[in-house]
2 protein chains.
Amino acid sequence: MSEKVSSRKQQVRATDVARHAGVSRVSVSRTFTPGASVSAATRAKVLKSADILGYRVNRLASSLNRSESGIVALIAAEIDTPYRAAMIAELTDKLQAAGKVTMLINTSGFEERVKDALLQAISFRTEAAIILSGAPDPSLADTCFSNGMKLVLINREEDFPGSLQIGPDNRAAGKTALKALLRAGCQRIALANSGNATWSIVERQKGFLAAAEEAGVEVISEATGVTSYEAGLEIGTALMDREDRPDGVFCTTDLIACGVIDAARQRFGLRTPDDLSVIGFDDIPQAAWEGYDLTTFAQPMDRIIDKCLEWCTTDQPSTETVQLPARFVWRNSVKKTVVV
Amino acid sequence: MSEKVSSRKQQVRATDVARHAGVSRVSVSRTFTPGASVSAATRAKVLKSADILGYRVNRLASSLNRSESGIVALIAAEIDTPYRAAMIAELTDKLQAAGKVTMLINTSGFEERVKDALLQAISFRTEAAIILSGAPDPSLADTCFSNGMKLVLINREEDFPGSLQIGPDNRAAGKTALKALLRAGCQRIALANSGNATWSIVERQKGFLAAAEEAGVEVISEATGVTSYEAGLEIGTALMDREDRPDGVFCTTDLIACGVIDAARQRFGLRTPDDLSVIGFDDIPQAAWEGYDLTTFAQPMDRIIDKCLEWCTTDQPSTETVQLPARFVWRNSVKKTVVV
DNA sequence: ACACGTTGTGTACACGTGTACATAATATAG
DNA sequence: CTATATTATGTACACGTGTACACAACGTGT
């Protein structure tokens with residue numbers, strides 16, 4: 001005869017442990033609170049009983065009581081993209097090391113999902129929300145702050161007082177890319193860009209074009225689709241099909257660069273760096289693959305994340321905008337400079 | 001003169017909204033509880049006041065009260081690996097669609113981190129823990145169940161009563177791979193495997209080797225390093241260096257396959273499928289890249305996840321082991337069968 | 001007008017924990 | 001041994017919410 005079970009799941013509470021150990025409930029609480037004063041004897045009893053009963057402190061209750069959830073929200077789209085995935089991996093790892101817990105919110109698809117994501121983060125009284133893609137509704141930001149939530153925008157700069165906005169120095173990278181192509185002796189320089197670029201990517205483009213104008217160089221621009229390998233293929237095909245086929249391309253993203261390289265190689269029989277110099281951005285793992293060997297810019301990921309955590313763990317952080325230099329990674333997709 | 005601020009962050013509570021709207025606190029609660037009975041008039045008042053004050057239901061308190069957190073833990077290592085990242089992206093997406101929230105726990109590094117991850121999940125009264133890599137301590141599993149937490153193991157089969165164990169039919173895939181290589185007319189068949197393979201990968205290997213033995217075919221085995229592109233490079237180099245250089249290779253992972261292809265192409269000038277037939281597993285995005293065009297097995301990801309969610313939302317799910325067929329994806333890394 | 005079902009609101013309690021305060025037990029100094 | 005400082009424990013309350021229960025208001029049919 002199966003006993004009628006209550007719909008409410010019953011869990012092991014501190015009270016149960018206390019009764020089992022023959023101590024007060026607060027002693028149990030103190031045992032699991034670092035820095036609280038309990039005698040070694042009672043602590044031992046509590047730990048033993050807790051182990052037997054399988055007790056774990058309920059962090060929902062604990063968080064509610066201390067109004068510190070220990071949760072950090074990670075809001076991102078296209079999580080399965082190499083760069084984004086690497087970022088998330090590093091972030092979760094370091095957050096955990098700092099004693100925080102990550103709540104991952106996927107906003108792929110509609111742009112407006114960022115709003116829902118933030119609302120969810122607020123509901124869970126997240127200590128901070130780190131936004132990797134998209135931008136929140138400014139009015140929502142106030143709600144975040146009024147609930148004591150910190151806001152970090154990675155790879156995006158907007159007018160968000162009270163938040164940390166951090167990312168690589170995209171303009172400088174764009175400039176460096178142009179110089180590198182010129183120094184490699186490229187005659188017809190092109191820019192391969194995504195059709196719907198993010199703020200960060202547009203900045204790279206601007207830096208590249210500004211440097212070109214400064215140097216008096218004409219740039220062939222091609223942009224289609226979303227930021228992806230497939231777009232790179234398409235762009236690369238379009239570029240190689242031109243009568244004035246470029247011999248140097250700056251791709252605003254490694255994924256696009258891989259597509260361009262493959263288009264040149266598989267569809268036109270052209271090789272990097274002999275027939276075509278290519279520079280990417282992000283330094284995704286595939287950039288180091290021997291089939292690409294892509295010269296690119298490594299995101300200052302570690303420093304971004306370190307700064308992120310430091311800022312988030314500050315009591316009353318002030319509005320801050322940080323640009324960190326991207327590291328130029330020389331590989332073998334750009335023609336070597338001829339020593340005169 | 002700055003006012004002394006309480007260390008305890010004060011938030012907007014339902015009580016505040018109630019006072020502002022001139023209604024009872026429970027009316028506020030009912031307004032935000034689907035299916036609760038409130039008059040349209042009070043609901044409107046509540047919503048208006050809530051909007052003005054920026055009120056959001058505190059889900060920590062709500063979860064504590066109803067003992068339903070709505071959180072699902074995703075425990076995984078090597079999050080930035082293409083297949084793993086895709087899995088996580090899909091999982092978070094569908095979990096959100098089902099009204100759940102994902103807590104991502106990174107267990108890269110030490111194997112024992114899985115234990116800590118599970119403990120953390122228990123602390124947050126996670127409704128389910130989906131383990132993508134590694135296996136939990138069996139004794140911990142009991143603690144999970146006693147706290148009403150569901151346990152799902154993806155790509156791993158162990159003796160875990162009470163859990164759902166789900167993944168592709170790895171053995172069958174290994175068998176299919178061998179048959180495909182034979183049908184392609186390969187004479188010297190090899191197996192490229194990781195040095196420290198997971199259960200899932202070992203199964204593929206077993207299926208492949210069993211089929212080979214059945215067919216009376218000798219298999220050249222090579223295994224090194226961790227499951228990665230770099231390992232593939234190394235293995236590919238070792239294989240191509242052999243006197244009895246294989247002309248057909250089954251790689252237990254797409255990453256390894258990409259490495260093998262690159263080793264053959266970049267280091268030996270060999271091309272697929274003309275000089276070498278290669279089959280992978282996972283169907284990561286790079287497998288579809290034109291530089292690889294890899295014939296491989298697609299993980300039945302959608303079906304795995306659907307089953308996962310269905311099982312997790314069942315009241316009292318029973319122990320279940322599910323193997324779903326992997327879809328063979330024909331591309332162009334295996335020599336076409338000669339029509340006789 | 002009355003009995004009755006329906007609907008909306010208020011009261012009281014529970015969820016499981018951390019901590020300020022008071023108090024009992026113990027160690028230390030004279 | 002007494003006065004005092006230190007430590008360990010117990011009591012009471014707070015965190016913010018959902019819901020069972022009681023009850024008032026209300027419409028409806030006779």
# chains A, B, ... in the order shown; residues from 1 in each chain; ligands from 1
>>> calpha_fit_and_write(fixed="chain B", moving="chain A", output="compact mmCIF listing (two decimals) with C-alpha atoms, in the first residue's frame")
# COMPACT_ATOMS: atom_id res chain seq x y z
CA MET A 1 26.54 64.75 4.05
CA SER A 2 26.20 61.17 2.91
CA GLU A 3 23.65 59.22 4.85
CA LYS A 4 24.86 56.12 6.58
CA VAL A 5 23.61 53.27 4.43
CA SER A 6 22.55 49.97 5.89
CA SER A 7 24.77 47.06 4.94
CA ARG A 8 21.65 45.14 4.13
CA LYS A 9 20.54 45.99 0.63
CA GLN A 10 16.96 47.03 0.78
CA GLN A 11 14.80 45.90 -2.04
CA VAL A 12 11.31 46.58 -3.27
CA ARG A 13 9.00 44.10 -1.58
CA ALA A 14 5.45 43.11 -2.24
CA THR A 15 4.49 45.03 0.89
CA ASP A 16 5.76 48.25 -0.65
CA VAL A 17 3.70 47.71 -3.75
CA ALA A 18 0.65 46.88 -1.66
CA ARG A 19 0.96 50.07 0.36
CA HIS A 20 1.49 52.14 -2.78
CA ALA A 21 -1.52 50.59 -4.50
CA GLY A 22 -3.70 50.70 -1.40
CA VAL A 23 -4.37 46.98 -1.41
CA SER A 24 -3.42 44.00 0.66
CA ARG A 25 -0.05 42.31 0.23
CA VAL A 26 -1.64 39.03 -0.79
CA SER A 27 -3.37 40.80 -3.64
CA VAL A 28 0.08 41.66 -4.94
CA SER A 29 1.16 38.08 -4.58
CA ARG A 30 -1.96 36.91 -6.36
CA THR A 31 -1.49 39.35 -9.17
CA PHE A 32 1.81 37.71 -10.01
CA THR A 33 0.62 34.18 -9.43
CA PRO A 34 -0.90 32.71 -12.58
CA GLY A 35 -4.34 31.29 -11.89
CA ALA A 36 -4.92 33.12 -8.64
CA SER A 37 -8.15 35.01 -8.24
CA VAL A 38 -7.88 38.79 -8.22
CA SER A 39 -10.34 41.31 -9.49
CA ALA A 40 -9.37 43.14 -12.63
CA ALA A 41 -9.48 46.44 -10.77
CA THR A 42 -6.99 45.54 -8.06
CA ARG A 43 -4.77 43.71 -10.53
CA ALA A 44 -4.55 46.89 -12.58
CA LYS A 45 -3.70 48.95 -9.54
CA VAL A 46 -1.06 46.48 -8.47
CA LEU A 47 0.53 46.27 -11.89
CA LYS A 48 0.71 50.03 -12.12
CA SER A 49 2.31 50.45 -8.72
CA ALA A 50 4.70 47.58 -9.40
CA ASP A 51 5.78 49.24 -12.60
CA ILE A 52 6.34 52.57 -10.89
CA LEU A 53 8.29 51.06 -8.02
CA GLY A 54 10.19 48.64 -10.22
CA TYR A 55 8.98 45.62 -8.34
CA ARG A 56 9.96 42.10 -9.32
CA VAL A 57 8.86 39.02 -7.44
CA ASN A 58 11.78 37.67 -5.43
CA ARG A 59 12.20 34.18 -6.79
CA LEU A 60 14.50 33.20 -3.97
CA ALA A 61 11.69 33.72 -1.51
CA SER A 62 9.14 32.27 -3.85
CA SER A 63 11.24 29.20 -4.52
CA LEU A 64 11.88 28.72 -0.84
CA ASN A 65 8.23 28.92 -0.04
CA ARG A 66 6.99 26.59 -2.73
CA SER A 67 10.10 24.41 -2.58
CA GLU A 68 10.41 24.60 -6.34
CA SER A 69 13.41 26.51 -7.50
CA GLY A 70 12.87 26.21 -11.25
CA ILE A 71 16.62 25.90 -11.60
CA VAL A 72 18.33 23.16 -13.56
CA ALA A 73 22.05 22.57 -13.16
CA LEU A 74 24.22 21.92 -16.19
CA ILE A 75 27.46 20.27 -15.19
CA ALA A 76 30.09 20.14 -17.89
CA ALA A 77 33.78 20.31 -18.58
CA GLU A 78 35.50 21.77 -21.62
CA ILE A 79 32.59 24.05 -22.27
CA ASP A 80 34.39 25.75 -25.13
CA THR A 81 34.61 22.59 -27.20
CA PRO A 82 32.38 22.83 -30.29
CA TYR A 83 30.13 19.88 -29.55
CA ARG A 84 29.81 20.69 -25.87
CA ALA A 85 29.10 24.34 -26.61
CA ALA A 86 26.39 23.40 -29.09
CA MET A 87 24.84 21.07 -26.55
CA ILE A 88 24.81 23.74 -23.89
CA ALA A 89 23.36 26.29 -26.27
CA GLU A 90 20.51 23.98 -27.23
CA LEU A 91 19.90 22.89 -23.67
CA THR A 92 19.71 26.38 -22.25
CA ASP A 93 17.44 27.43 -25.06
CA LYS A 94 14.94 24.64 -24.55
CA LEU A 95 15.14 24.81 -20.79
CA GLN A 96 14.22 28.47 -20.95
CA ALA A 97 11.38 27.68 -23.31
CA ALA A 98 10.14 25.25 -20.67
CA GLY A 99 10.27 27.99 -18.05
CA LYS A 100 13.39 26.71 -16.37
CA VAL A 101 16.57 28.53 -15.49
CA THR A 102 20.02 27.13 -16.14
CA MET A 103 22.85 27.14 -13.66
CA LEU A 104 26.06 26.37 -15.48
CA ILE A 105 28.82 24.66 -13.54
CA ASN A 106 32.21 24.27 -15.15
CA THR A 107 34.15 21.20 -14.05
CA SER A 108 37.17 21.53 -16.29
CA GLY A 109 40.38 20.47 -14.66
CA PHE A 110 40.06 18.01 -11.84
CA GLU A 111 37.62 15.18 -12.15
CA GLU A 112 36.59 15.64 -8.53
CA ARG A 113 35.03 18.98 -9.35
CA VAL A 114 31.94 17.08 -10.43
CA LYS A 115 31.36 16.33 -6.77
CA ASP A 116 31.53 19.96 -5.76
CA ALA A 117 29.29 20.83 -8.66
CA LEU A 118 26.62 18.45 -7.46
CA LEU A 119 26.91 19.69 -3.92
CA GLN A 120 26.37 23.19 -5.18
CA ALA A 121 23.37 22.07 -7.18
CA ILE A 122 21.91 20.45 -4.09
CA SER A 123 22.49 23.60 -2.08
CA PHE A 124 20.44 25.58 -4.54
CA ARG A 125 17.73 22.94 -4.53
CA THR A 126 18.10 22.50 -8.24
CA GLU A 127 15.21 20.57 -9.75
CA ALA A 128 17.55 18.51 -11.88
CA ALA A 129 21.20 18.10 -12.61
CA ILE A 130 22.22 17.30 -16.15
CA ILE A 131 25.74 15.96 -16.24
CA LEU A 132 27.44 16.35 -19.60
CA SER A 133 30.85 15.11 -18.61
CA GLY A 134 32.24 13.05 -15.82
CA ALA A 135 30.29 10.99 -13.35
CA PRO A 136 29.10 11.77 -9.86
CA ASP A 137 30.02 9.94 -6.72
CA PRO A 138 27.34 7.24 -6.30
CA SER A 139 26.85 8.15 -2.65
CA LEU A 140 26.11 11.70 -3.71
CA ALA A 141 23.40 10.48 -6.03
CA ASP A 142 21.41 9.34 -3.00
CA THR A 143 21.69 12.76 -1.47
CA CYS A 144 20.38 14.15 -4.73
CA PHE A 145 17.37 11.87 -4.75
CA SER A 146 16.60 12.42 -1.09
CA ASN A 147 16.41 16.11 -1.90
CA GLY A 148 14.04 15.42 -4.77
CA MET A 149 16.60 16.25 -7.41
CA LYS A 150 16.55 14.49 -10.74
CA LEU A 151 19.74 13.21 -12.29
CA VAL A 152 20.53 12.94 -15.98
CA LEU A 153 23.73 11.56 -17.42
CA ILE A 154 24.38 12.41 -21.02
CA ASN A 155 26.82 10.34 -23.03
CA ARG A 156 27.60 8.07 -20.15
CA GLU A 157 26.17 4.87 -18.87
CA GLU A 158 26.76 3.72 -15.35
CA ASP A 159 24.97 1.95 -12.62
CA PHE A 160 22.89 4.83 -11.37
CA PRO A 161 19.42 3.71 -10.39
CA GLY A 162 16.98 6.58 -10.37
CA SER A 163 18.64 8.50 -13.16
CA LEU A 164 18.15 8.96 -16.88
CA GLN A 165 21.11 7.90 -18.95
CA ILE A 166 20.92 9.01 -22.51
CA GLY A 167 23.10 9.34 -25.55
CA PRO A 168 23.66 8.17 -29.10
CA ASP A 169 24.07 4.53 -30.01
CA ASN A 170 27.83 4.71 -30.15
CA ARG A 171 28.47 1.05 -30.89
CA ALA A 172 26.13 1.05 -33.86
CA ALA A 173 27.85 4.16 -35.17
CA GLY A 174 31.25 2.53 -34.87
CA LYS A 175 29.93 -0.42 -36.81
CA THR A 176 28.48 1.80 -39.52
CA ALA A 177 31.76 3.66 -39.80
CA LEU A 178 33.69 0.46 -40.47
CA LYS A 179 31.22 -0.69 -43.06
CA ALA A 180 31.41 2.65 -44.81
CA LEU A 181 35.19 2.53 -44.99
CA LEU A 182 35.09 -1.01 -46.33
CA ARG A 183 32.50 -0.10 -48.90
CA ALA A 184 34.69 2.81 -49.96
CA GLY A 185 37.31 0.25 -50.83
CA CYS A 186 39.78 1.08 -48.09
CA GLN A 187 42.55 -1.48 -47.73
CA ARG A 188 44.35 -0.37 -44.58
CA ILE A 189 41.92 0.79 -41.97
CA ALA A 190 42.87 2.78 -38.89
CA LEU A 191 41.25 4.01 -35.70
CA ALA A 192 42.23 7.41 -34.35
CA ASN A 193 41.31 7.81 -30.74
CA SER A 194 41.92 10.04 -27.77
CA GLY A 195 44.39 8.96 -25.12
CA ASN A 196 41.99 9.47 -22.25
CA ALA A 197 38.68 8.69 -23.78
CA THR A 198 35.30 9.03 -22.14
CA TRP A 199 32.84 6.19 -21.86
CA SER A 200 30.99 7.36 -24.92
CA ILE A 201 34.11 7.46 -27.06
CA VAL A 202 35.27 4.06 -25.88
CA GLU A 203 31.92 2.67 -26.99
CA ARG A 204 32.44 3.96 -30.51
CA GLN A 205 35.84 2.37 -30.52
CA LYS A 206 34.43 -0.93 -29.32
CA GLY A 207 31.72 -0.92 -31.96
CA PHE A 208 34.26 -0.19 -34.66
CA LEU A 209 36.72 -2.86 -33.52
CA ALA A 210 34.01 -5.46 -33.01
CA ALA A 211 32.73 -4.92 -36.53
CA ALA A 212 36.28 -5.15 -37.84
CA GLU A 213 36.88 -8.42 -36.10
CA GLU A 214 33.61 -9.70 -37.42
CA ALA A 215 34.67 -8.77 -40.92
CA GLY A 216 38.13 -10.20 -40.41
CA VAL A 217 39.83 -6.86 -40.91
CA GLU A 218 43.01 -5.78 -39.12
CA VAL A 219 42.83 -2.29 -37.62
CA ILE A 220 45.72 0.08 -37.05
CA SER A 221 45.09 1.79 -33.72
CA GLU A 222 46.57 5.07 -32.65
CA ALA A 223 45.64 6.98 -29.51
CA THR A 224 47.27 9.93 -27.76
CA GLY A 225 46.60 12.96 -25.68
CA VAL A 226 43.28 14.41 -24.69
CA THR A 227 40.36 14.61 -27.05
CA SER A 228 41.32 17.61 -29.15
CA TYR A 229 42.38 18.94 -32.52
CA GLU A 230 46.00 18.88 -31.44
CA ALA A 231 45.76 15.22 -30.56
CA GLY A 232 44.30 14.64 -34.00
CA LEU A 233 47.27 16.37 -35.58
CA GLU A 234 49.65 14.19 -33.65
CA ILE A 235 47.74 11.01 -34.39
CA GLY A 236 47.39 11.90 -38.04
CA THR A 237 51.11 12.53 -38.32
CA ALA A 238 51.91 9.22 -36.67
CA LEU A 239 49.51 7.39 -38.97
CA MET A 240 50.76 8.99 -42.17
CA ASP A 241 54.32 8.32 -41.14
CA ARG A 242 53.76 4.58 -41.02
CA GLU A 243 55.08 2.29 -43.72
CA ASP A 244 51.66 0.71 -44.01
CA ARG A 245 50.04 4.11 -44.28
CA PRO A 246 46.29 3.70 -43.80
CA ASP A 247 43.85 4.84 -46.47
CA GLY A 248 40.79 4.92 -44.23
CA VAL A 249 40.50 6.35 -40.72
CA PHE A 250 37.64 6.43 -38.26
CA CYS A 251 38.16 9.22 -35.75
CA THR A 252 36.16 8.95 -32.58
CA THR A 253 35.62 12.69 -32.61
CA ASP A 254 35.30 15.40 -35.24
CA LEU A 255 38.01 17.43 -33.56
CA ILE A 256 40.42 14.55 -33.95
CA ALA A 257 39.25 14.08 -37.53
CA CYS A 258 39.99 17.70 -38.36
CA GLY A 259 43.46 17.26 -36.91
CA VAL A 260 44.05 14.10 -38.90
CA ILE A 261 42.88 15.74 -42.11
CA ASP A 262 45.11 18.75 -41.50
CA ALA A 263 48.10 16.57 -40.69
CA ALA A 264 47.61 14.65 -43.91
CA ARG A 265 47.07 17.76 -45.99
CA GLN A 266 49.49 20.25 -44.47
CA ARG A 267 52.28 17.89 -43.52
CA PHE A 268 52.08 15.16 -46.15
CA GLY A 269 50.28 16.76 -49.05
CA LEU A 270 47.58 14.13 -48.91
CA ARG A 271 43.98 14.98 -49.70
CA THR A 272 40.65 13.61 -48.61
CA PRO A 273 38.97 11.64 -50.00
CA ASP A 274 41.39 10.80 -52.81
CA ASP A 275 44.37 9.73 -50.74
CA LEU A 276 42.61 9.17 -47.47
CA SER A 277 39.06 8.52 -46.31
CA VAL A 278 38.15 10.00 -42.94
CA ILE A 279 35.04 9.62 -40.81
CA GLY A 280 34.39 11.59 -37.66
CA PHE A 281 31.77 11.82 -34.96
CA ASP A 282 29.67 14.70 -33.53
CA ASP A 283 29.01 16.79 -36.63
CA ILE A 284 30.47 19.94 -35.17
CA PRO A 285 30.14 23.08 -37.29
CA GLN A 286 33.73 22.75 -38.52
CA ALA A 287 32.89 19.38 -40.06
CA ALA A 288 30.78 21.26 -42.58
CA TRP A 289 33.50 23.78 -43.35
CA GLU A 290 34.69 23.47 -46.93
CA GLY A 291 38.25 22.80 -45.88
CA TYR A 292 37.15 19.57 -44.21
CA ASP A 293 33.80 18.57 -45.65
CA LEU A 294 33.80 15.75 -43.18
CA THR A 295 31.61 12.68 -43.34
CA THR A 296 30.49 12.14 -39.79
CA PHE A 297 27.75 11.17 -37.38
CA ALA A 298 25.37 13.82 -36.13
CA GLN A 299 24.48 13.49 -32.48
CA PRO A 300 20.70 13.16 -32.09
CA MET A 301 20.88 16.33 -30.05
CA ASP A 302 17.29 17.46 -30.39
CA ARG A 303 15.88 14.10 -29.45
CA ILE A 304 18.29 13.77 -26.54
CA ILE A 305 17.28 17.12 -25.18
CA ASP A 306 13.58 16.57 -25.74
CA LYS A 307 13.71 13.28 -23.90
CA CYS A 308 15.75 14.95 -21.21
CA LEU A 309 13.20 17.65 -20.57
CA GLU A 310 10.30 15.28 -20.78
CA TRP A 311 11.89 13.00 -18.22
CA CYS A 312 12.79 15.85 -15.93
CA THR A 313 9.28 17.23 -15.92
CA THR A 314 7.78 13.87 -15.06
CA ASP A 315 6.67 13.54 -11.45
CA GLN A 316 8.26 10.27 -10.47
CA PRO A 317 10.47 9.23 -13.36
CA SER A 318 11.86 5.71 -13.29
CA THR A 319 15.40 4.66 -14.07
CA GLU A 320 15.85 4.72 -17.79
CA THR A 321 18.61 4.08 -20.30
CA VAL A 322 18.06 5.46 -23.75
CA GLN A 323 20.18 5.03 -26.84
CA LEU A 324 19.20 7.02 -29.86
CA PRO A 325 20.59 6.37 -33.33
CA ALA A 326 23.19 8.83 -34.57
CA ARG A 327 22.49 10.14 -38.04
CA PHE A 328 25.18 9.38 -40.60
CA VAL A 329 26.02 12.58 -42.43
CA TRP A 330 27.49 11.97 -45.85
CA ARG A 331 29.85 14.63 -47.02
CA ASN A 332 33.00 14.35 -49.02
CA SER A 333 35.79 12.93 -46.88
CA VAL A 334 35.12 9.33 -47.87
CA LYS A 335 35.84 7.96 -51.30
CA LYS A 336 32.69 7.40 -53.32
CA THR A 337 31.71 3.79 -53.80
CA VAL A 338 32.61 2.59 -57.26
CA VAL A 339 29.54 1.35 -59.03
CA VAL A 340 30.38 -2.06 -60.43
>>> select_by_dssp(residues="range 9-252 of chain B", states="strand (DSSP E)", output="VMD selection string")
chain B and resid 71 to 76 101 to 106 128 to 131 150 to 154 164 to 168 189 to 194 219 to 224 248 to 251
>>> residues_around(residues="DG29 in chain D", least_positions_apart="2", cutoff="12 Å", atoms="only C-alpha atoms (C1' of nucleotides)", output="CSV table (one decimal) with N, CA and C atoms (P, O5', C5', C4', C3', O3' and C1' of nucleotides), in the first residue's frame")
chain,number,residue,atom,x,y,z
C,2,DC,P,-35.8,37.3,5.5
C,2,DC,O5',-35.4,35.9,4.9
C,2,DC,C5',-36.3,35.0,4.5
C,2,DC,C4',-35.7,33.9,3.6
C,2,DC,C3',-34.3,33.5,4.1
C,2,DC,O3',-34.3,32.1,4.4
C,2,DC,C1',-34.3,33.9,1.7
C,3,DA,P,-32.9,31.5,5.2
C,3,DA,O5',-32.3,30.5,4.1
C,3,DA,C5',-33.2,29.6,3.4
C,3,DA,C4',-32.5,29.1,2.2
C,3,DA,C3',-31.1,28.5,2.4
C,3,DA,O3',-30.9,27.3,1.8
C,3,DA,C1',-31.0,30.2,0.8
C,4,DC,P,-29.6,26.5,1.9
C,4,DC,O5',-28.8,26.9,0.6
C,4,DC,C5',-29.4,27.0,-0.7
C,4,DC,C4',-28.4,27.5,-1.7
C,4,DC,C3',-27.0,27.1,-1.5
C,4,DC,O3',-26.4,26.6,-2.6
C,4,DC,C1',-27.1,29.4,-1.9
C,5,DG,P,-25.1,25.6,-2.5
C,5,DG,O5',-24.2,26.1,-3.7
C,5,DG,C5',-24.8,26.2,-5.0
C,5,DG,C4',-24.1,27.3,-5.8
C,5,DG,C3',-22.6,27.2,-5.9
C,5,DG,O3',-22.2,27.5,-7.2
C,5,DG,C1',-23.2,29.3,-4.9
D,27,DG,P,-23.8,42.7,-7.4
D,27,DG,O5',-24.3,41.4,-8.2
D,27,DG,C5',-23.5,40.7,-9.1
D,27,DG,C4',-24.0,39.3,-9.2
D,27,DG,C3',-25.4,39.1,-9.8
D,27,DG,O3',-25.4,38.1,-10.8
D,27,DG,C1',-25.3,38.0,-7.8
>>> interface_residues(of="chain D", to="chain B", cutoff="12 Å", atoms="only C-alpha atoms (C1' of nucleotides)", output="list in words")
DA14, DC15, DG16, DT17, DG18 and DT19 of chain D
>>> select_by_dssp(residues="range 211-261 of chain B", states="helix (DSSP H, G or I)", output="MDAnalysis selection string")
chainID B and resid 211:215 229:241 254:261
>>> write_last_selection(atoms="N, CA and C atoms", output="compact mmCIF listing (two decimals), in the first residue's frame")
# COMPACT_ATOMS: atom_id res chain seq x y z
N ALA B 211 33.15 -4.73 -35.13
CA ALA B 211 32.73 -4.92 -36.52
C ALA B 211 33.91 -5.35 -37.38
N ALA B 212 35.08 -4.79 -37.06
CA ALA B 212 36.27 -5.15 -37.83
C ALA B 212 36.62 -6.61 -37.62
N GLU B 213 36.55 -7.02 -36.36
CA GLU B 213 36.87 -8.42 -36.07
C GLU B 213 35.88 -9.35 -36.78
N GLU B 214 34.64 -8.94 -36.75
CA GLU B 214 33.60 -9.72 -37.40
C GLU B 214 33.87 -9.85 -38.90
N ALA B 215 34.39 -8.75 -39.47
CA ALA B 215 34.64 -8.75 -40.91
C ALA B 215 36.03 -9.31 -41.24
N TYR B 229 41.86 18.76 -31.17
CA TYR B 229 42.41 18.91 -32.51
C TYR B 229 43.90 18.59 -32.51
N GLU B 230 44.58 19.07 -31.51
CA GLU B 230 46.03 18.86 -31.44
C GLU B 230 46.36 17.37 -31.38
N ALA B 231 45.58 16.63 -30.61
CA ALA B 231 45.78 15.19 -30.56
C ALA B 231 45.58 14.59 -31.95
N GLY B 232 44.58 15.10 -32.66
CA GLY B 232 44.32 14.62 -34.01
C GLY B 232 45.51 14.86 -34.92
N LEU B 233 46.10 16.03 -34.80
CA LEU B 233 47.29 16.35 -35.58
C LEU B 233 48.38 15.31 -35.33
N GLU B 234 48.60 15.07 -34.07
CA GLU B 234 49.66 14.15 -33.67
C GLU B 234 49.37 12.74 -34.18
N ILE B 235 48.15 12.32 -33.96
CA ILE B 235 47.76 10.97 -34.40
C ILE B 235 47.86 10.86 -35.91
N GLY B 236 47.37 11.89 -36.59
CA GLY B 236 47.42 11.87 -38.05
C GLY B 236 48.84 11.78 -38.55
N THR B 237 49.72 12.53 -37.93
CA THR B 237 51.13 12.50 -38.32
C THR B 237 51.70 11.10 -38.12
N ALA B 238 51.40 10.53 -36.97
CA ALA B 238 51.90 9.19 -36.68
C ALA B 238 51.38 8.18 -37.70
N LEU B 239 50.12 8.30 -38.04
CA LEU B 239 49.51 7.35 -38.99
C LEU B 239 50.12 7.49 -40.38
N MET B 240 50.25 8.74 -40.83
CA MET B 240 50.75 8.96 -42.18
C MET B 240 52.24 8.61 -42.31
N ASP B 241 52.89 8.59 -41.17
CA ASP B 241 54.31 8.27 -41.16
C ASP B 241 54.59 6.78 -41.28
N ASP B 254 35.09 14.50 -34.12
CA ASP B 254 35.32 15.40 -35.25
C ASP B 254 36.59 16.22 -35.05
N LEU B 255 36.85 16.63 -33.81
CA LEU B 255 38.04 17.42 -33.56
C LEU B 255 39.29 16.65 -33.96
N ILE B 256 39.31 15.38 -33.57
CA ILE B 256 40.43 14.53 -33.95
C ILE B 256 40.48 14.39 -35.47
N ALA B 257 39.32 14.23 -36.07
CA ALA B 257 39.27 14.07 -37.52
C ALA B 257 39.85 15.29 -38.23
N CYS B 258 39.47 16.47 -37.76
CA CYS B 258 40.02 17.69 -38.36
C CYS B 258 41.54 17.71 -38.25
N GLY B 259 42.04 17.29 -37.10
CA GLY B 259 43.48 17.23 -36.91
C GLY B 259 44.13 16.25 -37.86
N VAL B 260 43.51 15.09 -38.01
CA VAL B 260 44.06 14.07 -38.91
C VAL B 260 44.07 14.59 -40.34
N ILE B 261 42.98 15.20 -40.76
CA ILE B 261 42.90 15.73 -42.13
C ILE B 261 43.98 16.78 -42.35
>>> interface_residues(of="chain C", to="chain A", cutoff="8 Å", atoms="only C-alpha atoms (C1' of nucleotides)", output="PyMOL selection string")
chain C and resi 16-18
>>> atom_distance(atom1="C1' of DG8 in chain C", atom2="C1' of DT30 in chain D")
25.9 Å
>>> atom_distance(atom1="C1' of DT28 in chain C", atom2="C1' of DA3 in chain D")
10.4 Å
